[in-house]
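Data from structure06.txt: compact mmCIF, C-alpha atoms
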```txt
# COMPACT_ATOMS: atom_id res chain seq x y z
CA MET A 1 -65.02 50.36 -72.43
CA ARG A 2 -64.03 50.50 -68.78
CA GLY A 3 -64.45 47.45 -66.52
CA LEU A 4 -63.94 46.60 -62.87
CA ILE A 5 -62.91 43.01 -62.16
CA PHE A 6 -63.03 41.78 -58.57
CA SER A 7 -61.75 38.71 -56.79
CA THR A 8 -63.58 38.40 -53.47
CA ARG A 9 -62.98 34.69 -52.87
CA ASP A 10 -59.68 32.83 -52.79
CA LEU A 11 -61.25 29.62 -54.20
CA CYS A 12 -59.11 26.52 -54.75
CA TYR A 13 -55.43 27.37 -55.03
CA TYR A 14 -56.13 31.08 -55.62
CA SER A 15 -57.92 30.35 -58.86
CA ALA A 16 -60.31 33.33 -58.65
CA SER A 17 -57.54 35.93 -58.81
CA PHE A 18 -55.83 33.87 -61.54
CA PHE A 19 -58.99 33.83 -63.68
CA ALA A 20 -59.57 37.52 -63.01
CA ASP A 21 -56.04 38.38 -64.14
CA ARG A 22 -56.33 36.29 -67.31
CA ILE A 23 -59.64 37.91 -68.28
CA ALA A 24 -58.26 41.36 -67.50
CA ASP A 25 -55.19 40.69 -69.67
CA SER A 26 -57.33 39.50 -72.56
CA LEU A 27 -59.68 42.50 -72.41
CA GLU A 28 -56.79 44.97 -72.13
CA GLU A 29 -55.30 43.45 -75.29
CA LYS A 30 -58.58 44.34 -77.00
CA GLY A 31 -58.37 47.95 -75.84
CA PHE A 32 -60.47 47.83 -72.66
CA GLU A 33 -59.45 49.81 -69.60
CA ILE A 34 -59.58 47.36 -66.68
CA VAL A 35 -59.35 48.05 -62.96
CA ARG A 36 -58.53 45.01 -60.81
CA ALA A 37 -59.55 44.72 -57.15
CA ASP A 38 -58.67 41.76 -54.94
CA ILE A 39 -60.24 41.42 -51.52
CA PRO A 40 -58.48 38.54 -49.74
CA GLU A 41 -60.67 36.41 -47.48
CA ASP A 42 -58.61 37.41 -44.44
CA SER A 43 -59.18 41.16 -45.03
CA SER A 44 -60.44 43.15 -42.06
CA GLU A 45 -63.78 44.95 -42.21
CA GLY A 46 -61.91 48.24 -42.38
CA GLU A 47 -59.79 47.13 -45.32
CA ILE A 48 -62.83 45.85 -47.21
CA GLU A 49 -64.81 49.02 -46.60
CA GLU A 50 -61.91 51.24 -47.70
CA THR A 51 -61.51 49.35 -50.98
CA LEU A 52 -65.21 49.22 -51.75
CA LEU A 53 -65.97 52.85 -51.00
CA ALA A 54 -63.07 54.10 -53.12
CA LEU A 55 -64.24 52.13 -56.14
CA SER A 56 -67.92 53.03 -55.74
CA LYS A 57 -67.03 56.64 -56.55
CA GLU A 58 -65.87 55.67 -60.04
CA ARG A 59 -67.90 54.78 -63.14
CA PHE A 60 -67.63 51.54 -65.11
CA ASP A 61 -69.25 49.86 -68.10
CA PHE A 62 -69.35 46.54 -66.24
CA VAL A 63 -68.36 44.88 -62.97
CA LEU A 64 -67.27 41.23 -62.79
CA ASP A 65 -66.60 38.87 -59.89
CA PHE A 66 -66.38 35.10 -59.34
CA ASN A 67 -68.79 33.31 -56.97
CA SER A 68 -69.25 36.80 -55.68
CA LYS A 69 -69.76 38.00 -52.15
CA LEU A 70 -70.52 41.52 -53.36
CA PRO A 71 -74.33 41.23 -53.69
CA ARG A 72 -74.50 40.41 -49.97
CA LEU A 73 -72.34 43.36 -48.91
CA LEU A 74 -74.70 46.15 -47.90
CA ILE A 75 -73.56 49.75 -47.61
CA ASP A 76 -75.16 53.21 -47.54
CA GLY A 77 -77.96 52.08 -45.25
CA GLY A 78 -78.59 48.68 -46.77
CA VAL A 79 -77.86 49.07 -50.50
CA PRO A 80 -76.20 46.01 -52.13
CA TYR A 81 -72.69 47.08 -53.11
CA PRO A 82 -73.01 46.43 -56.88
CA ASP A 83 -75.91 48.90 -57.00
CA THR A 84 -73.59 51.68 -55.78
CA ILE A 85 -71.28 51.46 -58.82
CA MET A 86 -72.74 53.66 -61.52
CA GLY A 87 -72.50 52.97 -65.23
CA THR A 88 -70.90 55.34 -67.71
CA GLU A 89 -73.97 56.03 -69.87
CA ASP A 90 -76.76 56.62 -67.35
CA ASP A 91 -76.40 58.77 -64.25
CA HIS A 92 -79.11 56.83 -62.46
CA SER A 93 -78.38 53.20 -63.37
CA PRO A 94 -75.74 50.96 -61.83
CA ALA A 95 -73.18 49.31 -64.08
CA PRO A 96 -74.09 45.77 -65.18
CA PHE A 97 -72.85 43.34 -62.53
CA TYR A 98 -71.70 39.91 -63.78
CA ASN A 99 -71.46 37.09 -61.25
CA TYR A 100 -69.30 34.33 -62.77
CA ILE A 101 -70.62 31.14 -61.11
CA LEU A 102 -67.93 28.46 -61.16
CA ASP A 103 -69.85 25.63 -59.52
CA HIS A 104 -73.49 24.69 -58.96
CA PRO A 105 -75.68 27.72 -58.18
CA LEU A 106 -77.09 25.87 -55.15
CA TYR A 107 -73.97 27.00 -53.26
CA HIS A 108 -74.67 30.65 -54.05
CA HIS A 109 -78.31 31.12 -53.13
CA PRO A 110 -77.63 33.99 -50.67
CA GLY A 111 -75.86 35.99 -53.37
CA LEU A 112 -78.07 35.06 -56.33
CA SER A 113 -81.26 35.90 -54.45
CA GLN A 114 -80.26 39.54 -53.90
CA LYS A 115 -82.45 41.99 -55.82
CA LEU A 116 -79.75 43.88 -57.69
CA LYS A 117 -80.88 46.42 -60.26
CA ASN A 118 -78.61 45.19 -63.04
CA TYR A 119 -77.78 41.55 -62.26
CA HIS A 120 -76.23 39.17 -64.81
CA ALA A 121 -74.75 35.69 -64.40
CA ILE A 122 -72.15 33.71 -66.33
CA VAL A 123 -72.20 29.91 -65.96
CA ILE A 124 -69.96 27.02 -67.02
CA ASP A 125 -72.78 24.45 -67.21
CA ARG A 126 -75.95 24.82 -69.28
CA TYR A 127 -78.06 23.29 -66.52
CA HIS A 128 -76.64 25.80 -64.05
CA GLY A 129 -77.98 28.48 -66.37
CA SER A 130 -81.42 26.88 -66.52
CA TYR A 131 -81.44 26.62 -62.73
CA ILE A 132 -80.70 30.32 -62.29
CA GLU A 133 -83.25 31.28 -64.93
CA LYS A 134 -85.99 29.33 -63.14
CA TYR A 135 -85.32 30.22 -59.53
CA TYR A 136 -83.74 33.68 -59.71
CA PRO A 137 -85.88 35.89 -61.97
CA ASN A 138 -84.03 38.90 -60.56
CA VAL A 139 -81.06 37.90 -62.76
CA LYS A 140 -81.62 39.68 -66.07
CA GLU A 141 -79.26 37.71 -68.28
CA ILE A 142 -77.52 34.33 -68.12
CA ILE A 143 -74.51 33.59 -70.32
CA TYR A 144 -73.08 30.10 -70.84
CA ARG A 145 -69.34 30.65 -71.09
CA PRO A 146 -66.98 27.98 -69.73
CA LEU A 147 -63.57 29.27 -68.77
CA PRO A 148 -60.97 28.85 -71.51
CA GLY A 149 -57.80 26.92 -70.84
CA SER A 150 -54.53 28.50 -69.82
CA LEU A 151 -51.31 27.91 -71.70
CA ALA A 152 -48.22 27.01 -69.68
CA VAL A 153 -45.30 29.40 -70.01
CA THR A 154 -42.89 26.51 -70.52
CA GLN A 155 -43.87 24.13 -73.29
CA CYS A 156 -42.32 20.67 -73.02
CA PRO A 157 -42.15 18.53 -76.21
CA PHE A 158 -44.62 15.65 -75.96
CA GLU A 159 -41.93 12.98 -76.33
CA GLU A 160 -40.03 14.45 -73.37
CA ARG A 161 -43.01 14.51 -71.02
CA SER A 162 -43.71 12.13 -68.16
CA ASP A 163 -45.73 9.07 -69.13
CA ARG A 164 -47.28 8.84 -65.67
CA LEU A 165 -50.93 9.86 -65.22
CA PHE A 166 -51.35 13.31 -63.69
CA PHE A 167 -54.38 14.00 -61.50
CA PRO A 168 -54.93 17.54 -60.17
CA GLY A 169 -57.68 17.58 -57.57
CA THR A 170 -58.36 17.79 -53.86
CA TYR A 171 -60.08 15.26 -51.63
CA VAL A 172 -62.33 15.90 -48.66
CA ALA A 173 -62.89 12.94 -46.36
CA ARG A 174 -66.38 11.51 -46.05
CA THR A 175 -66.23 11.90 -42.27
CA ALA A 176 -65.71 15.65 -42.64
CA ILE A 177 -68.75 15.97 -44.91
CA GLU A 178 -70.82 13.84 -42.53
CA HIS A 179 -70.04 16.40 -39.83
CA GLU A 180 -71.41 19.08 -42.19
CA ILE A 181 -74.59 17.03 -42.51
CA GLU A 182 -74.91 16.72 -38.73
CA ARG A 183 -74.62 20.51 -38.39
CA LEU A 184 -77.72 20.90 -40.56
CA ASN A 185 -79.62 19.66 -37.50
CA SER A 186 -82.43 18.29 -39.64
CA GLN A 187 -83.46 14.65 -39.83
CA ARG A 188 -85.37 15.37 -43.04
CA LYS A 189 -82.32 16.82 -44.80
CA GLU A 190 -79.99 14.17 -43.42
CA LYS A 191 -82.31 11.44 -44.74
CA LEU A 192 -82.54 13.08 -48.17
CA ILE A 193 -78.76 13.38 -48.47
CA LYS A 194 -78.03 9.83 -47.37
CA GLU A 195 -80.71 8.27 -49.58
CA LEU A 196 -79.84 10.34 -52.65
CA PHE A 197 -76.15 9.59 -52.23
CA HIS A 198 -76.99 5.98 -53.06
CA GLU A 199 -79.64 6.76 -55.70
CA TRP A 200 -78.40 9.76 -57.68
CA ASP A 201 -76.30 9.07 -60.75
CA PRO A 202 -74.64 12.35 -61.89
CA GLU A 203 -74.23 10.92 -65.39
CA GLU A 204 -78.00 10.44 -65.73
CA LYS A 205 -79.43 13.64 -64.25
CA PRO A 206 -78.37 16.86 -62.53
CA ILE A 207 -78.60 17.08 -58.76
CA GLU A 208 -81.69 19.32 -58.79
CA GLU A 209 -83.70 16.72 -60.73
CA ALA A 210 -82.62 13.94 -58.38
CA VAL A 211 -83.67 16.00 -55.35
CA MET A 212 -86.94 17.13 -56.91
CA GLU A 213 -88.08 13.52 -57.31
CA ARG A 214 -87.98 13.02 -53.54
CA LEU A 215 -89.79 16.16 -52.40
CA THR A 216 -93.30 17.00 -51.25
CA PRO A 217 -95.38 19.40 -53.38
CA GLU A 218 -94.75 22.17 -50.84
CA GLU A 219 -90.97 21.66 -50.92
CA LYS A 220 -91.03 21.92 -54.73
CA GLU A 221 -92.42 25.46 -54.71
CA ASN A 222 -90.14 27.96 -56.43
CA ASP A 223 -89.62 30.07 -53.33
CA LYS A 224 -88.72 27.07 -51.14
CA PHE A 225 -86.78 24.77 -53.47
CA PRO A 226 -83.60 26.87 -53.93
CA VAL A 227 -83.42 27.44 -50.17
CA LEU A 228 -83.63 23.70 -49.58
CA MET A 229 -81.05 23.01 -52.29
CA ASN A 230 -78.64 25.45 -50.65
CA SER A 231 -78.79 23.41 -47.45
CA LEU A 232 -78.29 20.12 -49.30
CA TYR A 233 -74.83 21.12 -50.53
CA PRO A 234 -73.18 18.18 -48.65
CA LEU A 235 -74.84 15.81 -51.15
CA ASP A 236 -72.93 17.40 -54.02
CA ARG A 237 -69.69 17.27 -52.02
CA LEU A 238 -70.20 13.66 -50.94
CA MET A 239 -70.76 12.53 -54.50
CA ARG A 240 -67.93 14.57 -55.98
CA PHE A 241 -65.23 13.36 -53.61
CA GLU A 242 -66.41 9.77 -53.36
CA ARG A 243 -66.27 9.42 -57.14
CA ARG A 244 -62.75 10.82 -57.13
CA ARG A 245 -61.69 8.40 -54.41
CA ARG A 246 -63.17 5.34 -56.10
CA ILE A 247 -61.65 6.13 -59.50
CA LEU A 248 -58.18 6.91 -58.14
CA PHE A 249 -58.10 3.79 -55.96
CA PHE A 250 -59.31 1.60 -58.82
CA LEU A 251 -56.51 2.83 -61.06
CA ALA A 252 -53.93 2.58 -58.29
CA GLU A 253 -54.96 -0.98 -57.44
CA ASN A 254 -54.56 -1.91 -61.10
CA GLY A 255 -51.02 -0.65 -61.40
CA VAL A 256 -51.44 2.70 -63.13
CA GLU A 257 -48.58 5.05 -62.28
CA ILE A 258 -50.25 8.17 -60.94
CA ASP A 259 -49.00 11.52 -59.69
CA ILE A 260 -51.60 13.31 -57.54
CA GLN A 261 -51.51 17.03 -56.86
CA GLY A 262 -54.10 18.13 -54.35
CA GLU A 263 -54.76 18.39 -50.66
CA GLY A 264 -56.55 15.76 -48.60
CA TRP A 265 -55.24 12.54 -50.12
CA GLU A 266 -52.67 11.91 -47.39
CA ASP A 267 -55.20 10.31 -45.05
CA THR A 268 -56.79 8.01 -47.64
CA GLY A 269 -53.92 5.51 -47.79
CA ILE A 270 -53.47 5.94 -51.53
CA TYR A 271 -49.83 6.90 -51.16
CA GLY A 272 -49.25 3.43 -49.75
CA PHE A 273 -49.26 2.17 -53.35
CA SER A 274 -45.74 2.17 -54.76
CA ASN A 275 -47.09 3.33 -58.13
CA VAL A 276 -48.70 6.49 -56.68
CA LYS A 277 -46.73 9.62 -55.87
CA ARG A 278 -47.64 12.90 -54.23
CA ILE A 279 -46.98 16.28 -55.79
CA ALA A 280 -47.14 19.18 -53.35
CA PRO A 281 -50.20 21.40 -53.85
CA SER A 282 -49.50 24.76 -55.46
CA ALA A 283 -51.26 27.80 -56.86
CA ILE A 284 -53.15 27.20 -60.09
CA ALA A 285 -50.56 28.96 -62.28
CA SER A 286 -47.87 26.57 -61.04
CA SER A 287 -50.21 23.59 -61.41
CA ILE A 288 -50.72 24.38 -65.09
CA GLU A 289 -46.94 24.41 -65.60
CA ILE A 290 -46.76 20.99 -63.94
CA MET A 291 -49.65 19.63 -66.02
CA ALA A 292 -47.89 20.65 -69.23
CA ALA A 293 -45.00 18.33 -68.36
CA TYR A 294 -47.27 15.24 -68.61
CA ARG A 295 -48.64 13.31 -71.56
CA LYS A 296 -51.75 12.05 -69.75
CA VAL A 297 -54.15 13.87 -67.40
CA LEU A 298 -57.17 12.52 -65.54
CA ASP A 299 -60.31 14.59 -65.02
CA VAL A 300 -63.05 13.48 -62.64
CA ASN A 301 -65.96 15.74 -63.50
CA PRO A 302 -67.28 17.64 -60.44
CA CYS A 303 -70.89 16.60 -61.14
CA PHE A 304 -71.38 19.09 -63.97
CA PHE A 305 -74.20 17.64 -66.04
CA GLU A 306 -73.63 19.70 -69.18
CA GLY A 307 -70.60 21.77 -68.34
CA LEU A 308 -66.93 22.14 -69.09
CA HIS A 309 -64.27 22.37 -66.37
CA ASP A 310 -61.22 24.54 -67.08
CA ARG A 311 -59.03 21.54 -66.16
CA VAL A 312 -60.10 19.91 -69.42
CA SER A 313 -59.58 23.08 -71.45
CA SER A 314 -56.12 23.68 -70.02
CA ALA A 315 -55.02 20.08 -70.59
CA LEU A 316 -56.10 20.21 -74.24
CA LEU A 317 -54.53 23.62 -74.81
CA ASN A 318 -51.23 22.28 -73.49
CA GLY A 319 -51.28 19.23 -75.74
CA CYS A 320 -52.09 16.66 -73.05
CA VAL A 321 -54.27 13.61 -73.58
CA ILE A 322 -57.04 13.98 -71.01
CA PHE A 323 -59.40 11.27 -69.80
CA SER A 324 -62.68 12.82 -68.66
CA ASP A 325 -66.13 11.66 -67.60
CA MET A 326 -67.72 14.94 -68.68
CA SER A 327 -70.88 14.94 -70.77
CA CYS A 328 -70.43 14.12 -74.44
CA LYS A 329 -72.95 16.92 -75.16
CA THR A 330 -70.48 19.62 -74.13
CA ALA A 331 -67.20 17.83 -74.83
CA PRO A 332 -64.87 19.71 -77.19
CA GLU A 333 -64.09 17.99 -80.47
CA ASP A 334 -60.46 17.10 -79.89
CA LYS A 335 -58.59 13.87 -80.56
CA ASN A 336 -56.79 14.26 -77.23
CA LEU A 337 -60.02 14.12 -75.23
CA LYS A 338 -60.87 10.56 -74.23
CA LEU A 339 -64.29 10.21 -72.62
CA TYR A 340 -65.04 7.50 -70.06
CA SER A 341 -67.85 6.54 -67.72
CA PHE A 342 -67.73 6.03 -63.97
CA HIS A 343 -69.66 2.84 -64.66
CA ASP A 344 -66.94 1.44 -66.94
CA LEU A 345 -63.66 1.92 -65.13
CA GLU A 346 -62.29 -1.18 -66.82
CA GLY A 347 -62.64 0.68 -70.10
CA LEU A 348 -60.84 3.69 -68.64
CA LEU A 349 -58.04 1.46 -67.38
CA GLU A 350 -57.62 -0.16 -70.78
CA ASN A 351 -57.49 3.20 -72.57
CA ILE A 352 -54.87 4.56 -70.16
CA LYS A 353 -52.67 1.49 -70.42
CA THR A 354 -52.85 1.27 -74.21
CA MET A 355 -52.26 4.95 -74.95
```
Take the structure in the file and write it out as structure tokens.
Amino acid sequence: MRGLIFSTRDLCYYSASFFADRIADSLEEKGFEIVRADIPEDSSEGEIEETLLALSKERFDFVLDFNSKLPRLLIDGGVPYPDTIMGTEDDHSPAPFYNYILDHPLYHHPGLSQKLKNYHAIVIDRYHGSYIEKYYPNVKEIIYRPLPGSLAVTQCPFEERSDRLFFPGTYVARTAIEHEIERLNSQRKEKLIKELFHEWDPEEKPIEEAVMERLTPEEKENDKFPVLMNSLYPLDRLMRFERRRRILFFLAENGVEIDIQGEGWEDTGIYGFSNVKRIAPSAIASSIEIMAAYRKVLDVNPCFFEGLHDRVSSALLNGCVIFSDMSCKTAPEDKNLKLYSFHDLEGLLENIKTM
């Protein structure tokens, strides 16, 4: 088997290329021949074209990318790039293209809506898969496959690890997201976002169900709904970062010793607490090494309704106790995973302090 694995987005802390390398390593260990191709976000049009055209002359059994830009890249007079990479068994059929979607599909409507000839999707949340199945019939196959954890190179004995709580995660200020809402230039969408921000409970229903309850019959139509959802992305971001802020501040105010690694927290005032310390942001490989030096890790689920974030998998793989508000329906069976609810932060506090 011969595969082509791309990385066309940098993602948070260069995680896309990290995931691509780990998958490539694993497949090569199983005897696959893998070609890796990174296209940094700051690449010029000439650099992108040179890379893409060279690879389109080769044949592969599959092509893989993360939150891919490739379906929207048109070459040869308007052909989506994945359709130009031929498979090894059929002279007239493109190789299967797998788009590994690492967050809610609402963010990726422009790419998912492309009519590729051999389109497949991999998701890390079961509801993300159901969403793609319903609104993107052009995608032939949907696979639920959360990313596995990554093992740190240096393994620190548990008794020698820091007893402080480690939180890896960025923060985006509410004011910045409100500017994104203003740029939508739509009173209807602005009203929906602001009302649903106060009504939607991510532990009770996925975002698409919360939005659907507020729409007109016309807005609910299958050809209109995913377009509308794509424009309502600030709702997901507002909820995600506000939940992070509230949980971190609650713990800080109650004396939990916390080390935060992630951009954006400097302007929140959280580092004014003597029990909270900042760890400089770093690439994901370095972050995993840092995580493995802690006994306790905090996960604030990014509004995945029935999904598994690789932060949880990596913490468990490295022997950390991780506190997560992920769904119990998809939670791994592991004694080191301690589930909590956003609505019971007192319970979370008690569990952290008594561990």
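Take the candidates A:Ile247, A:Cys320, A:Leu147, A:Met239 and check each one against Ile290 of chain A using only C-alpha atoms; the shortest distance goes to A:Cys320.
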With 12 Å as the cut-off and only C-alpha atoms counted, what is the closest atom pair between each nearby residue of segment 157-261 of chain A and segment 321-340 of chain A? Distances in Å to one decimal, ordered by chain and number, as JSON lines.
```
{"residue": "A:Phe158", "atom": "CA", "partner": "A:Val321", "partner_atom": "CA", "distance": 10.1}
{"residue": "A:Arg161", "atom": "CA", "partner": "A:Val321", "partner_atom": "CA", "distance": 11.6}
{"residue": "A:Ser162", "atom": "CA", "partner": "A:Val321", "partner_atom": "CA", "distance": 12.0}
{"residue": "A:Asp163", "atom": "CA", "partner": "A:Val321", "partner_atom": "CA", "distance": 10.6}
{"residue": "A:Arg164", "atom": "CA", "partner": "A:Val321", "partner_atom": "CA", "distance": 11.6}
{"residue": "A:Leu165", "atom": "CA", "partner": "A:Ile322", "partner_atom": "CA", "distance": 9.4}
{"residue": "A:Phe166", "atom": "CA", "partner": "A:Ile322", "partner_atom": "CA", "distance": 9.3}
{"residue": "A:Phe167", "atom": "CA", "partner": "A:Ile322", "partner_atom": "CA", "distance": 9.9}
{"residue": "A:Pro168", "atom": "CA", "partner": "A:Ile322", "partner_atom": "CA", "distance": 11.6}
{"residue": "A:Pro202", "atom": "CA", "partner": "A:Ser327", "partner_atom": "CA", "distance": 10.0}
{"residue": "A:Glu203", "atom": "CA", "partner": "A:Ser327", "partner_atom": "CA", "distance": 7.5}
{"residue": "A:Glu204", "atom": "CA", "partner": "A:Ser327", "partner_atom": "CA", "distance": 9.8}
{"residue": "A:Lys205", "atom": "CA", "partner": "A:Ser327", "partner_atom": "CA", "distance": 10.8}
{"residue": "A:Pro206", "atom": "CA", "partner": "A:Ser327", "partner_atom": "CA", "distance": 11.3}
{"residue": "A:Arg243", "atom": "CA", "partner": "A:Asp325", "partner_atom": "CA", "distance": 10.7}
{"residue": "A:Arg244", "atom": "CA", "partner": "A:Asp325", "partner_atom": "CA", "distance": 11.0}
{"residue": "A:Ile247", "atom": "CA", "partner": "A:Asp325", "partner_atom": "CA", "distance": 10.8}
```
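Comparing the minimum interatomic distances between His309 of chain A and each of A:Asp38, A:Asp76, A:Val123, A:Pro105, counting only C-alpha atoms, we find that A:Val123 sits nearest.
Among the candidate residues A:Leu70, A:Ile258, A:Val227, A:Ile124, the one lying nearest to Tyr136 of chain A is A:Val227, with distances computed using all atoms listed in the file.
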Self-check item: Residues within 10 Å of Leu116 of chain A, all atoms listed in the file, excluding chain neighbours under 3 positions, as a PyMOL selection string
Solution: chain A and resi 71-72+79-83+94+96-97+111-113+119-120+138-140
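Here the question is which of A:Gly169, A:Glu208, A:Leu215, A:Leu238 gets nearest to Ser130 of chain A using all atoms listed in the file, and that residue is A:Glu208.
The spacing separating atom CA of Pro226 of chain A from atom CA of Leu308 of chain A amounts to 23.0 Å.
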Self-check item: Straight-line distance linking atom CA of Ser7 of chain A with atom CA of Gln261 of chain A, stated in Å to one decimal
Solution: 24.0 Å
Residues at most 10 Å from Phe66 of chain A, counting all atoms listed in the file, excluding those fewer than 5 positions away in the same chain, as a PDB file with C-alpha atoms, keeping the file's coordinate frame?
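Generated file (selection_8.pdb):
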```pdb
ATOM      1  CA  ILE A   5     -62.910  43.010 -62.160  1.00  0.00           C
ATOM      2  CA  PHE A   6     -63.030  41.780 -58.570  1.00  0.00           C
ATOM      3  CA  SER A   7     -61.750  38.710 -56.790  1.00  0.00           C
ATOM      4  CA  THR A   8     -63.580  38.400 -53.470  1.00  0.00           C
ATOM      5  CA  ARG A   9     -62.980  34.690 -52.870  1.00  0.00           C
ATOM      6  CA  ASP A  10     -59.680  32.830 -52.790  1.00  0.00           C
ATOM      7  CA  LEU A  11     -61.250  29.620 -54.200  1.00  0.00           C
ATOM      8  CA  SER A  15     -57.920  30.350 -58.860  1.00  0.00           C
ATOM      9  CA  ALA A  16     -60.310  33.330 -58.650  1.00  0.00           C
ATOM     10  CA  SER A  17     -57.540  35.930 -58.810  1.00  0.00           C
ATOM     11  CA  PHE A  19     -58.990  33.830 -63.680  1.00  0.00           C
ATOM     12  CA  ALA A  20     -59.570  37.520 -63.010  1.00  0.00           C
ATOM     13  CA  TYR A  98     -71.700  39.910 -63.780  1.00  0.00           C
ATOM     14  CA  ASN A  99     -71.460  37.090 -61.250  1.00  0.00           C
ATOM     15  CA  TYR A 100     -69.300  34.330 -62.770  1.00  0.00           C
ATOM     16  CA  ILE A 101     -70.620  31.140 -61.110  1.00  0.00           C
ATOM     17  CA  LEU A 102     -67.930  28.460 -61.160  1.00  0.00           C
ATOM     18  CA  ALA A 121     -74.750  35.690 -64.400  1.00  0.00           C
ATOM     19  CA  ILE A 122     -72.150  33.710 -66.330  1.00  0.00           C
TER      20      ILE A 122
END
```
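Compared by their closest atoms to His343 of chain A, and using only C-alpha atoms, the residues A:Phe32, A:Phe250, A:Tyr107, A:Tyr171 rank with A:Phe250 nearest.
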Practice problem: Measure the distance from atom CA of Glu58 of chain A to atom CA of Ile75 of chain A in Å and round it to one decimal. | Solution: 15.8 Å
Quiz item: In terms of the shortest atom-to-atom distance over only C-alpha atoms, which of A:Val172, A:Asn67, A:Arg188, A:Asn230 is closest to Asp267 of chain A?
Solution: A:Val172
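Once all atoms listed in the file are considered, the residues situated within 7 Å of the file point (-62.5, 47.9, -71.1) turn out to be A:Met1, A:Arg2, A:Gly3, A:Leu27, A:Glu28, A:Gly31, A:Phe32, A:Glu33, A:Ile34.
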List as a PDB file with C-alpha atoms, keeping the file's coordinate frame the protein and nucleic acid residues near segment 53-56 of chain A, meaning an atom at most 9 Å away when only C-alpha atoms are counted, but skip any in the same chain fewer than 3 places from it.
```pdb
ATOM      1  CA  LEU A   4     -63.940  46.600 -62.870  1.00  0.00           C
ATOM      2  CA  ALA A  37     -59.550  44.720 -57.150  1.00  0.00           C
ATOM      3  CA  ILE A  48     -62.830  45.850 -47.210  1.00  0.00           C
ATOM      4  CA  GLU A  49     -64.810  49.020 -46.600  1.00  0.00           C
ATOM      5  CA  GLU A  50     -61.910  51.240 -47.700  1.00  0.00           C
ATOM      6  CA  ARG A  59     -67.900  54.780 -63.140  1.00  0.00           C
ATOM      7  CA  ILE A  75     -73.560  49.750 -47.610  1.00  0.00           C
ATOM      8  CA  TYR A  81     -72.690  47.080 -53.110  1.00  0.00           C
ATOM      9  CA  PRO A  82     -73.010  46.430 -56.880  1.00  0.00           C
ATOM     10  CA  THR A  84     -73.590  51.680 -55.780  1.00  0.00           C
ATOM     11  CA  ILE A  85     -71.280  51.460 -58.820  1.00  0.00           C
ATOM     12  CA  MET A  86     -72.740  53.660 -61.520  1.00  0.00           C
TER      13      MET A  86
END
```
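Using all atoms listed in the file, every residue with an atom at most 10 Å from the point (-54.2, 17.2, -49.5) is listed here: Gly169, Thr170, Tyr171, Val172, Ile260, Gln261, Gly262, Glu263, Gly264, Trp265, Glu266, Asp267, Thr268, Arg278, Ile279, Ala280 and Pro281 of chain A.
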